[in-house]
file final32.txt (compact mmCIF, C-alpha atoms and all ligand atoms)
# COMPACT_ATOMS: atom_id res chain seq x y z
CA MET A 17 5.19 -44.40 5.70
CA GLN A 18 6.50 -41.95 3.20
CA MET A 19 6.76 -38.30 4.27
CA THR A 20 4.69 -35.89 2.23
CA VAL A 21 7.04 -33.27 0.87
CA SER A 22 5.31 -30.09 -0.29
CA ALA A 23 6.19 -30.00 -3.95
CA SER A 24 6.99 -26.47 -5.03
CA SER A 25 7.01 -25.32 -8.60
CA LEU A 26 6.48 -22.40 -10.89
CA HIS A 27 3.61 -22.62 -13.35
CA PRO A 28 5.16 -23.84 -16.65
CA ARG A 29 3.42 -21.11 -18.68
CA ALA A 30 4.74 -18.44 -16.26
CA THR A 31 8.25 -19.61 -17.11
CA GLN A 32 7.59 -19.93 -20.87
CA LEU A 33 6.08 -16.43 -21.14
CA VAL A 34 8.56 -14.64 -18.88
CA ASP A 35 10.16 -12.63 -21.72
CA GLU A 36 6.78 -11.27 -22.80
CA PHE A 37 5.89 -10.39 -19.20
CA THR A 38 9.26 -8.71 -18.66
CA ALA A 39 8.69 -6.59 -21.77
CA TRP A 40 5.34 -5.43 -20.33
CA ARG A 41 7.04 -4.57 -17.05
CA HIS A 42 9.72 -2.50 -18.77
CA HIS A 43 7.10 -0.68 -20.86
CA LEU A 44 5.10 0.16 -17.73
CA HIS A 45 8.28 1.18 -15.88
CA ALA A 46 9.23 3.59 -18.67
CA HIS A 47 5.78 5.27 -18.57
CA PRO A 48 4.96 5.95 -14.91
CA GLU A 49 1.85 7.94 -13.98
CA THR A 50 0.78 9.14 -10.53
CA ALA A 51 -2.52 9.15 -8.61
CA PHE A 52 -5.67 9.17 -10.76
CA GLU A 53 -3.64 10.15 -13.84
CA GLU A 54 -2.90 6.54 -14.83
CA LYS A 55 -4.42 7.04 -18.30
CA LEU A 56 -1.76 5.40 -20.49
CA THR A 57 -1.31 2.74 -17.82
CA SER A 58 -4.97 1.86 -17.52
CA ALA A 59 -5.36 1.86 -21.34
CA PHE A 60 -2.42 -0.58 -21.58
CA VAL A 61 -3.89 -2.82 -18.88
CA ALA A 62 -7.42 -2.77 -20.37
CA GLU A 63 -6.12 -3.49 -23.88
CA LYS A 64 -4.15 -6.50 -22.65
CA LEU A 65 -7.10 -7.85 -20.65
CA GLN A 66 -9.41 -7.48 -23.66
CA SER A 67 -6.88 -9.29 -25.85
CA PHE A 68 -7.10 -12.26 -23.42
CA GLY A 69 -10.87 -12.34 -24.07
CA LEU A 70 -11.90 -11.08 -20.63
CA GLU A 71 -14.94 -8.94 -19.83
CA VAL A 72 -13.38 -5.56 -18.97
CA LYS A 73 -14.87 -2.60 -17.09
CA THR A 74 -12.93 0.67 -17.09
CA GLY A 75 -13.35 4.03 -15.36
CA ILE A 76 -13.99 2.73 -11.82
CA ALA A 77 -12.52 5.38 -9.48
CA ARG A 78 -11.57 7.34 -12.61
CA THR A 79 -8.72 5.18 -13.97
CA GLY A 80 -9.42 1.81 -12.31
CA VAL A 81 -9.92 -1.32 -14.41
CA VAL A 82 -11.61 -4.61 -13.48
CA ALA A 83 -11.66 -7.70 -15.70
CA THR A 84 -13.79 -10.75 -15.02
CA LEU A 85 -13.12 -14.37 -15.94
CA GLN A 86 -15.70 -17.14 -15.47
CA GLY A 87 -14.40 -20.63 -14.83
CA LYS A 88 -15.50 -23.36 -17.19
CA GLY A 89 -16.67 -25.39 -14.17
CA GLY A 90 -19.71 -23.09 -13.91
CA PRO A 91 -20.86 -20.81 -11.10
CA GLY A 92 -19.21 -20.94 -7.70
CA LYS A 93 -17.32 -18.65 -5.35
CA ARG A 94 -15.99 -15.32 -6.53
CA ILE A 95 -12.60 -13.83 -5.62
CA GLY A 96 -10.92 -10.51 -6.35
CA LEU A 97 -7.17 -10.28 -7.06
CA ARG A 98 -5.80 -6.78 -6.82
CA ALA A 99 -2.79 -4.90 -8.22
CA ASP A 100 -2.02 -1.19 -7.89
CA MET A 101 -1.09 0.98 -10.89
CA ASP A 102 0.33 4.30 -9.69
CA ALA A 103 3.89 5.62 -9.60
CA LEU A 104 5.54 8.19 -7.30
CA ASP A 105 6.76 11.78 -7.62
CA ILE A 106 10.43 10.77 -7.64
CA HIS A 107 13.05 11.53 -10.29
CA GLU A 108 14.58 8.19 -11.31
CA THR A 109 18.37 7.78 -11.06
CA THR A 110 18.77 4.18 -12.31
CA ASN A 111 20.00 4.93 -15.87
CA LEU A 112 18.32 1.71 -16.96
CA PRO A 113 17.47 1.36 -20.67
CA TYR A 114 13.80 1.35 -19.64
CA ALA A 115 14.14 4.17 -17.06
CA SER A 116 11.22 6.59 -16.67
CA LYS A 117 10.48 8.74 -19.71
CA HIS A 118 8.33 11.01 -17.52
CA PRO A 119 10.61 13.42 -15.62
CA GLY A 120 9.90 13.54 -11.88
CA LYS A 121 7.73 10.40 -11.98
CA MET A 122 8.89 6.90 -11.24
CA HIS A 123 7.71 3.38 -10.48
CA ALA A 124 9.72 3.28 -7.23
CA CYS A 125 7.30 1.01 -5.37
CA GLY A 126 7.16 -1.81 -7.93
CA HIS A 127 3.54 -1.33 -8.98
CA ASP A 128 4.80 -1.92 -12.55
CA GLY A 129 5.74 -5.42 -11.38
CA HIS A 130 2.41 -5.86 -9.59
CA MET A 131 0.43 -5.03 -12.75
CA THR A 132 2.64 -7.31 -14.83
CA MET A 133 2.21 -10.30 -12.53
CA LEU A 134 -1.59 -9.93 -12.36
CA LEU A 135 -1.80 -9.45 -16.15
CA GLY A 136 0.38 -12.54 -16.60
CA ALA A 137 -1.90 -14.60 -14.37
CA ALA A 138 -4.98 -13.29 -16.23
CA LYS A 139 -3.47 -14.31 -19.56
CA ILE A 140 -2.61 -17.84 -18.42
CA LEU A 141 -5.90 -18.40 -16.58
CA ALA A 142 -7.86 -17.16 -19.62
CA GLU A 143 -6.08 -19.73 -21.81
CA ASN A 144 -7.48 -22.50 -19.63
CA PRO A 145 -10.07 -21.37 -17.06
CA ASP A 146 -10.16 -24.75 -15.40
CA PHE A 147 -11.92 -23.67 -12.20
CA THR A 148 -15.40 -23.28 -10.76
CA GLY A 149 -16.54 -19.74 -10.02
CA THR A 150 -15.38 -16.27 -10.95
CA VAL A 151 -12.16 -14.27 -10.74
CA ASP A 152 -12.07 -10.46 -10.83
CA PHE A 153 -8.72 -8.92 -11.74
CA ILE A 154 -8.75 -5.54 -9.98
CA PHE A 155 -6.32 -2.83 -11.13
CA GLN A 156 -6.62 0.15 -8.80
CA PRO A 157 -5.34 3.71 -9.16
CA ALA A 158 -3.71 5.97 -6.57
CA GLU A 159 -2.43 3.57 -3.90
CA GLU A 160 0.17 6.10 -2.72
CA ASN A 161 -1.50 8.73 -0.49
CA GLU A 162 -4.73 9.31 -2.37
CA GLY A 163 -6.80 6.23 -1.51
CA GLY A 164 -7.77 4.85 -4.93
CA GLY A 165 -8.69 1.61 -3.15
CA ARG A 166 -11.17 3.51 -0.98
CA GLU A 167 -12.67 5.23 -4.04
CA MET A 168 -13.17 1.91 -5.80
CA VAL A 169 -14.97 0.47 -2.77
CA GLU A 170 -17.07 3.64 -2.36
CA GLU A 171 -17.99 3.58 -6.06
CA GLY A 172 -19.44 0.11 -5.58
CA LEU A 173 -16.65 -2.20 -6.72
CA PHE A 174 -18.07 -5.02 -4.60
CA ASP A 175 -21.67 -4.31 -5.71
CA SER A 176 -20.78 -4.73 -9.39
CA HIS A 177 -18.17 -7.44 -8.62
CA PRO A 178 -19.40 -9.13 -5.41
CA ALA A 179 -16.27 -11.04 -4.40
CA ASP A 180 -16.40 -13.44 -1.45
CA ALA A 181 -12.75 -12.64 -0.67
CA VAL A 182 -9.96 -10.35 -1.91
CA TYR A 183 -6.24 -10.92 -2.18
CA GLY A 184 -3.32 -8.51 -2.57
CA MET A 185 0.45 -8.80 -2.93
CA HIS A 186 3.39 -6.41 -2.57
CA ASN A 187 7.01 -6.96 -3.56
CA TRP A 188 9.42 -6.77 -0.64
CA PRO A 189 13.09 -5.85 -1.21
CA GLY A 190 15.35 -7.43 1.38
CA ARG A 191 13.55 -10.76 1.13
CA ASP A 192 14.98 -13.32 -1.31
CA VAL A 193 13.34 -13.99 -4.67
CA GLY A 194 11.47 -17.28 -4.34
CA THR A 195 10.31 -16.50 -0.78
CA MET A 196 7.05 -15.09 0.53
CA ALA A 197 5.71 -13.77 3.84
CA MET A 198 2.23 -13.58 5.35
CA LYS A 199 0.31 -13.98 8.56
CA PRO A 200 -3.19 -13.44 9.89
CA GLY A 201 -3.77 -10.13 11.68
CA PRO A 202 -2.01 -6.81 11.00
CA MET A 203 0.51 -6.66 8.13
CA MET A 204 0.64 -2.88 7.65
CA ALA A 205 -0.21 0.06 9.91
CA SER A 206 -2.95 2.65 9.66
CA TYR A 207 -2.00 6.04 8.25
CA ASP A 208 -3.36 9.18 9.95
CA ILE A 209 -2.24 12.78 9.56
CA PHE A 210 -2.57 15.74 11.91
CA GLU A 211 -2.06 19.49 12.00
CA ILE A 212 -1.84 21.40 15.28
CA ALA A 213 -2.18 25.16 14.82
CA ILE A 214 -1.06 26.92 18.01
CA GLU A 215 -2.31 30.46 18.33
CA GLY A 216 -0.77 33.03 20.65
CA ARG A 217 -0.24 36.75 20.24
CA GLY A 218 2.67 38.18 18.33
CA CYS A 219 4.87 40.87 19.79
CA HIS A 220 8.38 42.35 19.89
CA ALA A 221 10.93 39.60 20.58
CA ALA A 222 12.60 41.80 23.22
CA MET A 223 9.32 42.17 25.13
CA PRO A 224 7.89 38.62 25.26
CA HIS A 225 5.81 39.44 28.35
CA LEU A 226 3.56 41.61 26.15
CA GLY A 227 2.56 38.68 23.91
CA ARG A 228 1.78 34.96 24.15
CA ASP A 229 4.56 32.98 22.52
CA PRO A 230 3.27 30.13 20.29
CA ILE A 231 6.81 28.89 19.51
CA THR A 232 7.61 27.98 23.11
CA ALA A 233 4.18 26.36 23.40
CA ALA A 234 4.85 24.39 20.18
CA GLY A 235 8.15 23.15 21.62
CA GLN A 236 6.33 21.82 24.68
CA VAL A 237 3.57 20.25 22.57
CA LEU A 238 6.22 18.53 20.45
CA LEU A 239 7.80 16.91 23.51
CA ALA A 240 4.49 16.11 25.18
CA LEU A 241 3.25 14.25 22.07
CA GLN A 242 5.96 11.60 22.54
CA THR A 243 4.56 10.79 25.99
CA ILE A 244 1.49 9.33 24.24
CA PRO A 245 3.25 6.25 22.78
CA ALA A 246 5.56 6.13 25.82
CA ARG A 247 2.99 6.57 28.65
CA ASN A 248 -0.53 5.99 27.30
CA VAL A 249 -0.15 3.10 24.84
CA ASN A 250 0.22 -0.39 26.29
CA PRO A 251 3.94 -1.25 25.85
CA LEU A 252 2.96 -4.49 24.13
CA GLN A 253 1.08 -2.52 21.44
CA SER A 254 2.54 -0.25 18.75
CA ALA A 255 2.11 3.41 17.91
CA VAL A 256 4.32 6.01 16.22
CA ILE A 257 3.75 9.75 16.29
CA SER A 258 6.11 11.55 13.92
CA PRO A 259 5.90 15.33 13.65
CA THR A 260 7.34 16.04 10.20
CA GLN A 261 6.79 19.75 9.55
CA ILE A 262 6.98 22.88 11.73
CA PHE A 263 6.13 26.35 10.52
CA ALA A 264 6.43 29.55 12.54
CA GLY A 265 7.74 33.06 12.24
CA ASP A 266 9.27 35.22 9.52
CA THR A 267 12.14 37.13 11.05
CA TRP A 268 14.67 37.49 13.93
CA ASN A 269 13.01 39.94 16.23
CA VAL A 270 9.29 39.15 16.07
CA ILE A 271 7.39 36.56 18.08
CA PRO A 272 4.75 35.36 15.60
CA ASP A 273 1.02 34.91 16.18
CA THR A 274 0.98 31.22 15.29
CA ALA A 275 3.08 28.07 15.11
CA THR A 276 1.97 24.97 13.22
CA ILE A 277 3.04 21.36 13.68
CA ARG A 278 2.14 18.69 11.15
CA GLY A 279 2.85 14.99 11.17
CA THR A 280 1.66 11.43 10.91
CA VAL A 281 0.43 8.72 13.29
CA ARG A 282 0.77 4.96 12.63
CA THR A 283 -0.97 2.22 14.62
CA PHE A 284 -2.17 -1.35 14.06
CA ALA A 285 -5.15 -1.75 16.39
CA PRO A 286 -8.32 0.37 16.00
CA ASP A 287 -8.58 0.94 19.78
CA ILE A 288 -4.99 2.24 19.86
CA GLN A 289 -5.78 4.51 16.89
CA ASP A 290 -8.77 5.90 18.87
CA LEU A 291 -6.62 6.35 21.97
CA VAL A 292 -3.83 8.19 20.13
CA GLU A 293 -6.24 10.52 18.33
CA ASP A 294 -8.02 11.34 21.58
CA ARG A 295 -4.81 11.89 23.57
CA LEU A 296 -3.16 13.92 20.79
CA LYS A 297 -6.08 16.37 20.83
CA THR A 298 -6.08 16.61 24.64
CA VAL A 299 -2.30 16.98 24.95
CA ALA A 300 -2.15 19.65 22.23
CA ASP A 301 -5.03 21.62 23.72
CA ALA A 302 -4.01 21.40 27.37
CA THR A 303 -0.30 22.06 26.72
CA ALA A 304 -1.05 25.07 24.54
CA ARG A 305 -3.37 26.46 27.24
CA ALA A 306 -0.66 25.97 29.87
CA PHE A 307 1.34 28.53 27.86
CA ASP A 308 -1.61 30.85 27.45
CA CYS A 309 -2.10 29.86 23.81
CA THR A 310 -4.82 27.83 22.09
CA ALA A 311 -4.49 24.82 19.79
CA ARG A 312 -6.71 23.94 16.83
CA VAL A 313 -6.23 20.30 15.90
CA MET A 314 -7.05 18.75 12.53
CA TYR A 315 -6.82 14.95 12.65
CA GLN A 316 -7.57 12.90 9.56
CA ARG A 317 -7.62 9.13 9.21
CA ARG A 318 -6.32 8.34 5.75
CA TYR A 319 -5.78 4.55 5.59
CA PRO A 320 -6.89 1.91 8.10
CA ALA A 321 -4.51 -0.87 9.16
CA THR A 322 -4.12 -3.77 6.71
CA ILE A 323 -5.47 -6.77 8.61
CA ASN A 324 -5.48 -10.27 7.14
CA SER A 325 -8.31 -12.64 7.99
CA GLU A 326 -7.48 -16.06 9.38
CA ALA A 327 -9.17 -18.41 6.87
CA GLU A 328 -8.08 -16.53 3.73
CA THR A 329 -4.48 -16.31 4.99
CA ALA A 330 -4.49 -20.10 5.42
CA ILE A 331 -5.63 -20.34 1.79
CA ALA A 332 -2.93 -17.88 0.69
CA PHE A 333 -0.35 -19.94 2.59
CA ALA A 334 -1.47 -23.16 0.91
CA ALA A 335 -1.34 -21.46 -2.52
CA ALA A 336 2.12 -19.98 -1.84
CA SER A 337 3.41 -23.33 -0.51
CA ARG A 338 2.73 -24.95 -3.86
CA VAL A 339 4.81 -22.28 -5.61
CA VAL A 340 7.77 -21.58 -3.33
CA GLY A 341 7.52 -24.44 -0.79
CA ALA A 342 6.33 -24.06 2.80
CA ASP A 343 9.91 -23.72 4.07
CA GLN A 344 10.37 -20.58 1.95
CA ILE A 345 7.43 -18.78 3.58
CA ASP A 346 7.93 -16.54 6.59
CA GLN A 347 4.78 -17.18 8.61
CA ASN A 348 5.53 -14.60 11.27
CA PRO A 349 6.86 -11.49 9.52
CA GLU A 350 7.24 -8.34 11.57
CA PRO A 351 4.40 -6.07 10.40
CA SER A 352 5.44 -2.86 8.63
CA MET A 353 4.64 0.60 10.08
CA ALA A 354 4.11 1.72 6.46
CA SER A 355 0.54 1.58 5.20
CA GLU A 356 -1.40 0.27 2.23
CA ASP A 357 -4.77 1.23 0.82
CA PHE A 358 -5.67 -2.41 0.07
CA ALA A 359 -6.81 -2.03 3.70
CA PHE A 360 -10.08 -0.51 2.40
CA MET A 361 -10.80 -3.66 0.41
CA LEU A 362 -9.88 -5.82 3.41
CA ASN A 363 -12.27 -3.76 5.54
CA ALA A 364 -15.06 -4.59 3.09
CA LYS A 365 -14.20 -8.26 2.44
CA PRO A 366 -12.18 -11.00 4.12
CA GLY A 367 -8.86 -11.60 2.44
CA SER A 368 -5.11 -11.71 2.66
CA TYR A 369 -2.23 -9.46 1.68
CA VAL A 370 1.16 -11.11 1.21
CA TRP A 371 4.74 -10.06 0.55
CA LEU A 372 6.75 -11.45 -2.35
CA GLY A 373 10.55 -11.54 -2.06
CA ASN A 374 12.16 -9.03 -4.42
CA GLY A 375 15.83 -9.79 -3.75
CA PRO A 376 18.70 -7.81 -2.24
CA THR A 377 18.59 -4.10 -1.47
CA ASP A 378 22.01 -3.48 -3.08
CA GLY A 379 22.54 0.00 -4.51
CA ASN A 380 19.61 1.45 -2.54
CA CYS A 381 17.12 -0.87 -4.21
CA LEU A 382 14.57 0.11 -1.55
CA LEU A 383 10.90 0.95 -1.91
CA HIS A 384 10.42 4.69 -2.63
CA ASN A 385 14.11 5.18 -3.45
CA ALA A 386 15.19 6.84 -6.72
CA ALA A 387 17.53 3.87 -7.40
CA TYR A 388 14.85 1.19 -6.95
CA ASP A 389 13.88 -1.26 -9.70
CA PHE A 390 11.41 -4.14 -9.43
CA ASN A 391 13.27 -7.45 -9.78
CA ASP A 392 12.12 -9.27 -12.95
CA ASP A 393 13.25 -12.60 -11.48
CA ALA A 394 10.24 -12.34 -9.13
CA ILE A 395 7.71 -12.19 -11.99
CA PRO A 396 7.20 -15.97 -12.49
CA TYR A 397 6.77 -16.42 -8.73
CA GLY A 398 4.08 -13.74 -8.50
CA VAL A 399 2.27 -15.03 -11.61
CA SER A 400 2.39 -18.61 -10.29
CA TYR A 401 1.12 -17.52 -6.86
CA TRP A 402 -1.98 -15.84 -8.37
CA ILE A 403 -2.75 -18.94 -10.44
CA SER A 404 -2.16 -21.24 -7.48
CA LEU A 405 -4.48 -19.04 -5.39
CA VAL A 406 -7.27 -19.38 -7.96
CA GLU A 407 -6.79 -23.16 -7.94
CA GLU A 408 -6.83 -23.18 -4.14
CA CYS A 409 -9.97 -21.01 -3.84
CA LEU A 410 -11.95 -22.22 -6.84
CA SER A 411 -10.92 -25.81 -7.43
CA VAL A 412 -13.51 -27.84 -9.31
ZN ZN A 501 4.66 2.80 -2.15
ZN ZN A 502 3.52 0.03 -3.16
call {"tool": "encode", "arguments": {"input": "final32.txt", "output": "structure tokens"}}
result
Amino acid sequence: MQMTVSASSLHPRATQLVDEFTAWRHHLHAHPETAFEEKLTSAFVAEKLQSFGLEVKTGIARTGVVATLQGKGGPGKRIGLRADMDALDIHETTNLPYASKHPGKMHACGHDGHMTMLLGAAKILAENPDFTGTVDFIFQPAEENEGGGREMVEEGLFDSHPADAVYGMHNWPGRDVGTMAMKPGPMMASYDIFEIAIEGRGCHAAMPHLGRDPITAAGQVLLALQTIPARNVNPLQSAVISPTQIFAGDTWNVIPDTATIRGTVRTFAPDIQDLVEDRLKTVADATARAFDCTARVMYQRRYPATINSEAETAIAFAAASRVVGADQIDQNPEPSMASEDFAFMLNAKPGSYVWLGNGPTDGNCLLHNAAYDFNDDAIPYGVSYWISLVEECLSV
């Protein structure tokens, strides 16, 4: 009996059109725009999608764009493929010929590459929509911090475009071009923020007994917070509490009235997120009171964890296998403690979020670094994956 070898290959059109796609990527890279200000970007995306003959809807979550393509096989399942459009507030240091023309703004997370790969797939699929069902190409604003994905869902993205499943992809520096990674369950952590305002009573620094020192209380709160991941969370689960800002006092000889601690919490499991929020509030309050101060806690859940569903991840794996080969797919990647607002779409619909190898991290080519540049060699792989996914989900 002959062994079945999983044949891997790039889509021939993705290879033929790579120069055109690379030119789009460089144009987008040179014109980065940040959260909800992606006006030039969304106009570029919409114009391209219209030129492919797709039905295009703009202005979802302010600058979001969705294009719809019907397969020539008639009605069937409907899937959403999503790319993010926003850049970061970073001043680019690459000196590339297509470096950012917008000072202080930069595509340092590769969303220029994400848009390019989804546009490339839309172009090729529109040339020959040989599938049964419907594909929505979703271009979302404000992935970094501001929750454009959430706004799209809240504005009724899945009412106007009722997908049965959604798929996302992020480039991953440090993984080789021509490799991918995915697994069911958590891929990225939740993203919560907190502010603990500790109130005491200010006084002369030489007479601390006359006041209630919020700085000493803040120091104790800071240490006590780390007992939550260490003593309350099951050691086989994950949680990070990172205080990132402390504000207190104005001068040498005055104990101030207040001290403020801000930071972020990352978890994967919703019950651990609940536990950490609850314990953080209790620890802050009780520790502050032990020092005769009070604590006001603001805790805000910004992004949920990005959790892949089982069936759709199997489909994503099959689609990726046909492009890069099963042996080039990491099926058990370590999840990232970073977060991703595609999580809001995955909370609304089953789906899968995968990582695409972006090559070496030489010269600080790391996500969110001023020296980062999306690797154009990855473009044909990403384009081919999207097309393969449509074939896998919507085959006639
Ligand atoms: Zn990012
Ligand atoms: Zn990103």
call {"tool": "residues_around", "arguments": {"input": "final32.txt", "residues": "segment 285-291 of chain A", "least_positions_apart": "3", "cutoff": "9 Å", "atoms": "only C-alpha atoms", "output": "MDAnalysis selection string"}}
result
chainID A and resid 202 205:206 208 244 248:250 253:255 281:282 294:296 320:321
call {"tool": "residues_near_ligand", "arguments": {"input": "final32.txt", "ligand": "ligand ZN 502 (chain A)", "cutoff": "10 Å", "atoms": "only C-alpha atoms and all ligand atoms", "output": "NGL selection string"}}
result
:A and (99-104 or 123-128 or 130 or 158-160 or 185-188 or 354-357 or 383-384)
call {"tool": "residues_around", "arguments": {"input": "final32.txt", "residues": "Gln316 of chain A", "least_positions_apart": "4", "cutoff": "10 Å", "atoms": "only C-alpha atoms", "output": "PDB file with C-alpha atoms, keeping the file's coordinate frame"}}
result
ATOM      1  CA  TYR A 207      -2.000   6.040   8.250  1.00  0.00           C
ATOM      2  CA  ASP A 208      -3.360   9.180   9.950  1.00  0.00           C
ATOM      3  CA  ILE A 209      -2.240  12.780   9.560  1.00  0.00           C
ATOM      4  CA  PHE A 210      -2.570  15.740  11.910  1.00  0.00           C
ATOM      5  CA  GLU A 211      -2.060  19.490  12.000  1.00  0.00           C
ATOM      6  CA  THR A 280       1.660  11.430  10.910  1.00  0.00           C
ATOM      7  CA  VAL A 281       0.430   8.720  13.290  1.00  0.00           C
ATOM      8  CA  GLU A 293      -6.240  10.520  18.330  1.00  0.00           C
TER       9      GLU A 293
END
call {"tool": "atom_distance", "arguments": {"input": "final32.txt", "atom1": "atom CA of His43 of chain A", "atom2": "atom CA of Ala77 of chain A"}}
result
23.5 Å
call {"tool": "atom_distance", "arguments": {"input": "final32.txt", "atom1": "atom CA of Tyr397 of chain A", "atom2": "atom CA of Ala332 of chain A"}}
result
13.6 Å
call {"tool": "residues_around", "arguments": {"input": "final32.txt", "residues": "segment 145-147 of chain A", "least_positions_apart": "6", "cutoff": "6 Å", "atoms": "only C-alpha atoms", "output": "MDAnalysis selection string"}}
result
chainID A and resid 87:89 410:412
call {"tool": "write_last_selection", "arguments": {"input": "final32.txt", "atoms": "C-alpha atoms", "output": "mmCIF file, keeping the file's coordinate frame"}}
result
data_model
loop_
_atom_site.group_PDB
_atom_site.id
_atom_site.type_symbol
_atom_site.label_atom_id
_atom_site.label_comp_id
_atom_site.auth_asym_id
_atom_site.auth_seq_id
_atom_site.Cartn_x
_atom_site.Cartn_y
_atom_site.Cartn_z
ATOM 1 C CA GLY A 87 -14.400 -20.630 -14.830
ATOM 2 C CA LYS A 88 -15.500 -23.360 -17.190
ATOM 3 C CA GLY A 89 -16.670 -25.390 -14.170
ATOM 4 C CA LEU A 410 -11.950 -22.220 -6.840
ATOM 5 C CA SER A 411 -10.920 -25.810 -7.430
ATOM 6 C CA VAL A 412 -13.510 -27.840 -9.310
#
call {"tool": "closest_residue", "arguments": {"input": "final32.txt", "among": "A:Asp105, A:Thr329, A:Ala138, A:Asp192", "to": "ligand ZN 501 (chain A)", "atoms": "all atoms listed in the file"}}
result
A:Asp105
call {"tool": "atom_distance", "arguments": {"input": "final32.txt", "atom1": "atom CA of Thr274 of chain A", "atom2": "atom CA of Ser258 of chain A"}}
result
20.4 Å
call {"tool": "closest_residue", "arguments": {"input": "final32.txt", "among": "A:Ala327, A:Ala233, A:Val292, A:Met196", "to": "Ala306 of chain A", "atoms": "all atoms listed in the file"}}
result
A:Ala233
call {"tool": "residues_around", "arguments": {"input": "final32.txt", "residues": "Pro178 of chain A", "least_positions_apart": "5", "cutoff": "12 Å", "atoms": "only C-alpha atoms", "output": "JSON, numbers by chain"}}
result
{"A": [84, 93, 94, 95, 96, 149, 150, 151, 152, 169, 172, 173, 361, 364, 365]}
call {"tool": "closest_residue", "arguments": {"input": "final32.txt", "among": "A:Val406, A:Leu382, A:Ala300, A:Leu65", "to": "ligand ZN 501 (chain A)", "atoms": "only C-alpha atoms and all ligand atoms"}}
result
A:Leu382
